[in-house]
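K.L.:
Can you read through this structure? Questions will come right after.
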Amino acid sequence: MIFNETTDRRNTNSLKWDNPDLKYNPENLIPLWVADMDFKAPESVLKALAERIEHGVVGYTFPPDGYYRSIVNWMGKRHQWNIKKEWILPVPGVVPSINIAIQAFTKEGEGVLIQRPVYGPFTGAVINNGRKLVNSPLELRDNRYVINIVDFEKKIVDNNVRMFIFCSPHNPGGRVWTVEELKAVGDICIKHNVLIVADEIHQDLVFKKYKHTPIASLGYEYSNICITCTSPNKTFNIAGLQNANLIIENTDIYNKFSNHIKKLALNEINLFGIIACESAYKTGEDWLVQVLDYIEENKKFVINFFSHKIPDVRIMDNEGTYLLWMDFRSLVFPGNSLSSLILQKANVRLSDGFGFGEEGKGFLRMNIACPRSTLEEALNRIKIAIDSLL
């Protein structure tokens with residue numbers, strides 16, 4: 001199994017493994033925090049990149065027709081969403097696109113709604129651009145997040161919300177929203193003229209029992225108010241190539257966004273991102289099926305470990321993503337940060353739940369996209385550390 005192979009990522013300027021901002025970074029640290037995998041990208045993708053390097057000229061470029069066809073075909077096959085080439089807008093990344101959307105479609109002081117706990121840069125994008133942060137928190141029911149539709153609409157009305165940033169599938173909880181849930185939030189946004197910016201970067205990382213549905217695929221009334229943010233980066237572990245694609249059916253929204261990125265001189269994308277994206281969508285499906293199977297087995301391994309050895313910690317059984325949301329609230333530890341305690345006592349770095357909003361206090365997020373031997377070592381260290389703290 002290729003995913004059992006360990007690749008030494010130290011001293012490669014890896015944010016995950018060599019983070020210069022981390023004061024405590026011993027040689028035997030196991031980092032299970034930032035959302036990239038410790039698996040090599042598909043061989044076919046690496047080959048396509050190597051062939052372009054071998055050519056020797058890496059000058060200015062543009063996405064060819066095959067690039068757009070690969071995206072159209074991927075969305076149709078994997079998500080049963082029939083999109084058109086003219087809806088696709090290549091961009092440098094999803095997070096920059098969320099910030100640009102806020103700038104282009106809202107005014108300072110206007111309300112932008114998010115659902116905490118949620119991916120931290122959503123909060124930063126709203127606040128840093130001088131917009132009013134409106135939170136409709138997700139509700140935790142039976143160890144699973146659900147949307148409070150009543151609160152969702154009330155927050156929109158009370159705060160004159162102009163934009164909703166939607167995390168689908170959800171990070172950090174791993175929820176894959178149902179069609180009924182998507183229609184419920186979509187109908188409210190249609191009713192109140194709220195633009196949906198749907199971060200669907202994890203759309204391909206969904207386990208067998210579940211199905212991701214792009215909210216814009218539900219019909220024109222939804223796609224007409226939607227900017228869908230997609231990328232091969234999480235799917236195929238090529239995040240360093242800084243490539244993403246927006247899918248926007250509404251021509252006015254498309255043109256306004258496109259004009260805004262031209263003003264910022266961000267309308268050219270990375271040559272190697274173009275090559276990797278097209279190659280991945282054309283040739284990477286078998287690799288994706290295999291990596292999803294491996295990650296799902298990792299998930300079962302972690303849940304089983306905690307249920308038998310640290311039963312006071314509840315692990316959310318995620319429906320998608322390679323991120324596990326871990327509830328430590330029943331345990332009381334000395335000190336400040338949960339993640340800092342685990343880092344200091346176990347030499348394992350996890351993401352602190354507080355970074356996803358106040359609703360994440362007492363939680364940790366674990367990246368399980370790594371060889372099982374790495375995961376097993378990290379879990380054993382965490383067990384020893386928790387025993388010592390208690």
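Chain labels follow the order of the structure tokens: the first chain is A, the next B, and so on; residue numbering restarts at 1 in every chain, and ligands are counted from 1 in their shown order.
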For Arg131 in chain A, list every protein, DNA or RNA residue within 9 Å, evaluated using only C-alpha atoms, and leave out those in the same chain fewer than 6 positions away; present the list as a ChimeraX atom specification.

P.N.:
/A:102,106-112,125

K.L.:
Extract, using only C-alpha atoms, all DNA, RNA and protein residues at most 12 Å from Asn304 in chain A, discarding same-chain residues fewer than 6 positions from it, and format them as a PyMOL selection string.

P.N.:
chain A and resi 297-298+310-311+313-317+376+379

K.L.:
Please, what distance in Å, to one decimal, runs between CA of Lys132 in chain A and CA of Leu113 in chain A?

P.N.:
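About the pair CA of Lys132 in chain A and CA of Leu113 in chain A: they are 8.4 Å apart.
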
K.L.:
As a ChimeraX atom specification, please: the residues near Glu358 in chain A (cut-off 9 Å, only C-alpha atoms, same-chain neighbours under 4 positions excluded).

P.N.:
/A:116-117,353-354

K.L.:
Name the residues of range 138-354 of chain A that come out as strand (DSSP E) in a backbone DSSP run; write them as JSON, numbers by chain.

P.N.:
{"A": [139, 140, 145, 146, 161, 162, 163, 164, 165, 166, 167, 195, 196, 197, 198, 199, 226, 227, 228, 229, 230, 244, 245, 246, 247, 314, 315, 323, 324, 325, 326, 327, 348, 349, 351, 352]}

K.L.:
Excluding Phe122 in chain A and any residue of its chain fewer than 4 positions from it, enumerate the residues within 8 Å of it, using only C-alpha atoms, and give them as a PyMOL selection string.

P.N.:
chain A and resi 98+114+118+126+165

K.L.:
Please write the residues from the selection above to a file, keeping N, CA and C atoms, as a PDB file, in the first residue's frame.

P.N.:
ATOM      1  N   ILE A  98     -12.387  34.256  -1.440  1.00  0.00           N
ATOM      2  CA  ILE A  98     -13.398  34.643  -0.451  1.00  0.00           C
ATOM      3  C   ILE A  98     -13.203  36.107  -0.059  1.00  0.00           C
ATOM      4  N   ILE A 114     -21.424  33.696   8.812  1.00  0.00           N
ATOM      5  CA  ILE A 114     -20.714  32.414   8.826  1.00  0.00           C
ATOM      6  C   ILE A 114     -21.349  31.536   9.893  1.00  0.00           C
ATOM      7  N   VAL A 118     -16.050  27.008  12.429  1.00  0.00           N
ATOM      8  CA  VAL A 118     -15.794  26.888  11.002  1.00  0.00           C
ATOM      9  C   VAL A 118     -14.364  27.327  10.713  1.00  0.00           C
ATOM     10  N   VAL A 126     -13.828  38.351   6.951  1.00  0.00           N
ATOM     11  CA  VAL A 126     -14.898  39.302   7.245  1.00  0.00           C
ATOM     12  C   VAL A 126     -14.358  40.489   8.035  1.00  0.00           C
ATOM     13  N   ILE A 165     -21.019  32.932   3.737  1.00  0.00           N
ATOM     14  CA  ILE A 165     -19.873  32.085   3.389  1.00  0.00           C
ATOM     15  C   ILE A 165     -20.142  30.699   3.945  1.00  0.00           C
TER      16      ILE A 165
END

K.L.:
Using only C-alpha atoms, which residue out of A:Asn28, A:Asn193, A:Gln344, A:Gln103 lies closest to Asn224 in chain A?

P.N.:
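Using only C-alpha atoms, Asn224 in chain A sits closest to A:Asn193.
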
K.L.:
DSSP says helix (DSSP H, G or I) for which residues of range 27-127 of chain A? Put them as a ChimeraX atom specification?

P.N.:
/A:43-55,65-79,85-87,94-105,121-127

K.L.:
Determine, counting only C-alpha atoms, which protein, DNA and RNA residues have an atom within 10 Å of an atom of Ala184 in chain A; residues of the same chain fewer than 6 positions away are not included. Present the result as an NGL selection string.

P.N.:
:A and (147 or 149 or 152-153 or 178)

K.L.:
Using the selection just defined, write its residues with C-alpha atoms as a PDB file, in the first residue's frame.

P.N.:
ATOM      1  CA  ILE A 147     -27.921  23.946  10.994  1.00  0.00           C
ATOM      2  CA  ILE A 149     -32.544  27.202  10.233  1.00  0.00           C
ATOM      3  CA  PHE A 152     -29.983  31.308  10.357  1.00  0.00           C
ATOM      4  CA  GLU A 153     -32.852  33.328   8.896  1.00  0.00           C
ATOM      5  CA  THR A 178     -27.894  16.786   2.714  1.00  0.00           C
TER       6      THR A 178
END

K.L.:
Between A:Phe236, A:Tyr67, A:Tyr145, A:Tyr60, which has the minimum distance to Glu285 in chain A (counting only C-alpha atoms)?

P.N.:
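Among A:Phe236, A:Tyr67, A:Tyr145, A:Tyr60, it is A:Phe236 that comes nearest to Glu285 in chain A.
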
K.L.:
Can you pull out every residue within 12 Å of Lys155 in chain A, counting only C-alpha atoms, but drop anything in the same chain fewer than 3 positions away, and send it as JSON, numbers by chain?

P.N.:
{"A": [111, 112, 113, 114, 115, 132, 133, 134, 135, 136, 137, 148, 149, 150, 151, 152, 158, 159, 160, 161, 162, 163, 164, 188, 189, 192, 194]}

K.L.:
List the neighbours of range 345-347 of chain A out to 9 Å using only C-alpha atoms; skip same-chain residues closer than 4 positions along the sequence, and give me the result as number ranges by chain.

P.N.:
A: 24-26, 28-31, 340-341, 378, 380-386, 388-389

K.L.:
Nearest to Ser223 in chain A among A:Phe166, A:Phe3, A:Trp287, A:Trp87, with distances taken over only C-alpha atoms: which residue is it?

P.N.:
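Between A:Phe166, A:Phe3, A:Trp287, A:Trp87, the residue approaching Ser223 in chain A most closely is A:Trp87.
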
K.L.:
Could you tell me how far CA of Tyr322 in chain A lies from CA of Leu205 in chain A, in Å and to one decimal?

P.N.:
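Computing the Euclidean distance for CA of Tyr322 in chain A and CA of Leu205 in chain A yields 7.3 Å.
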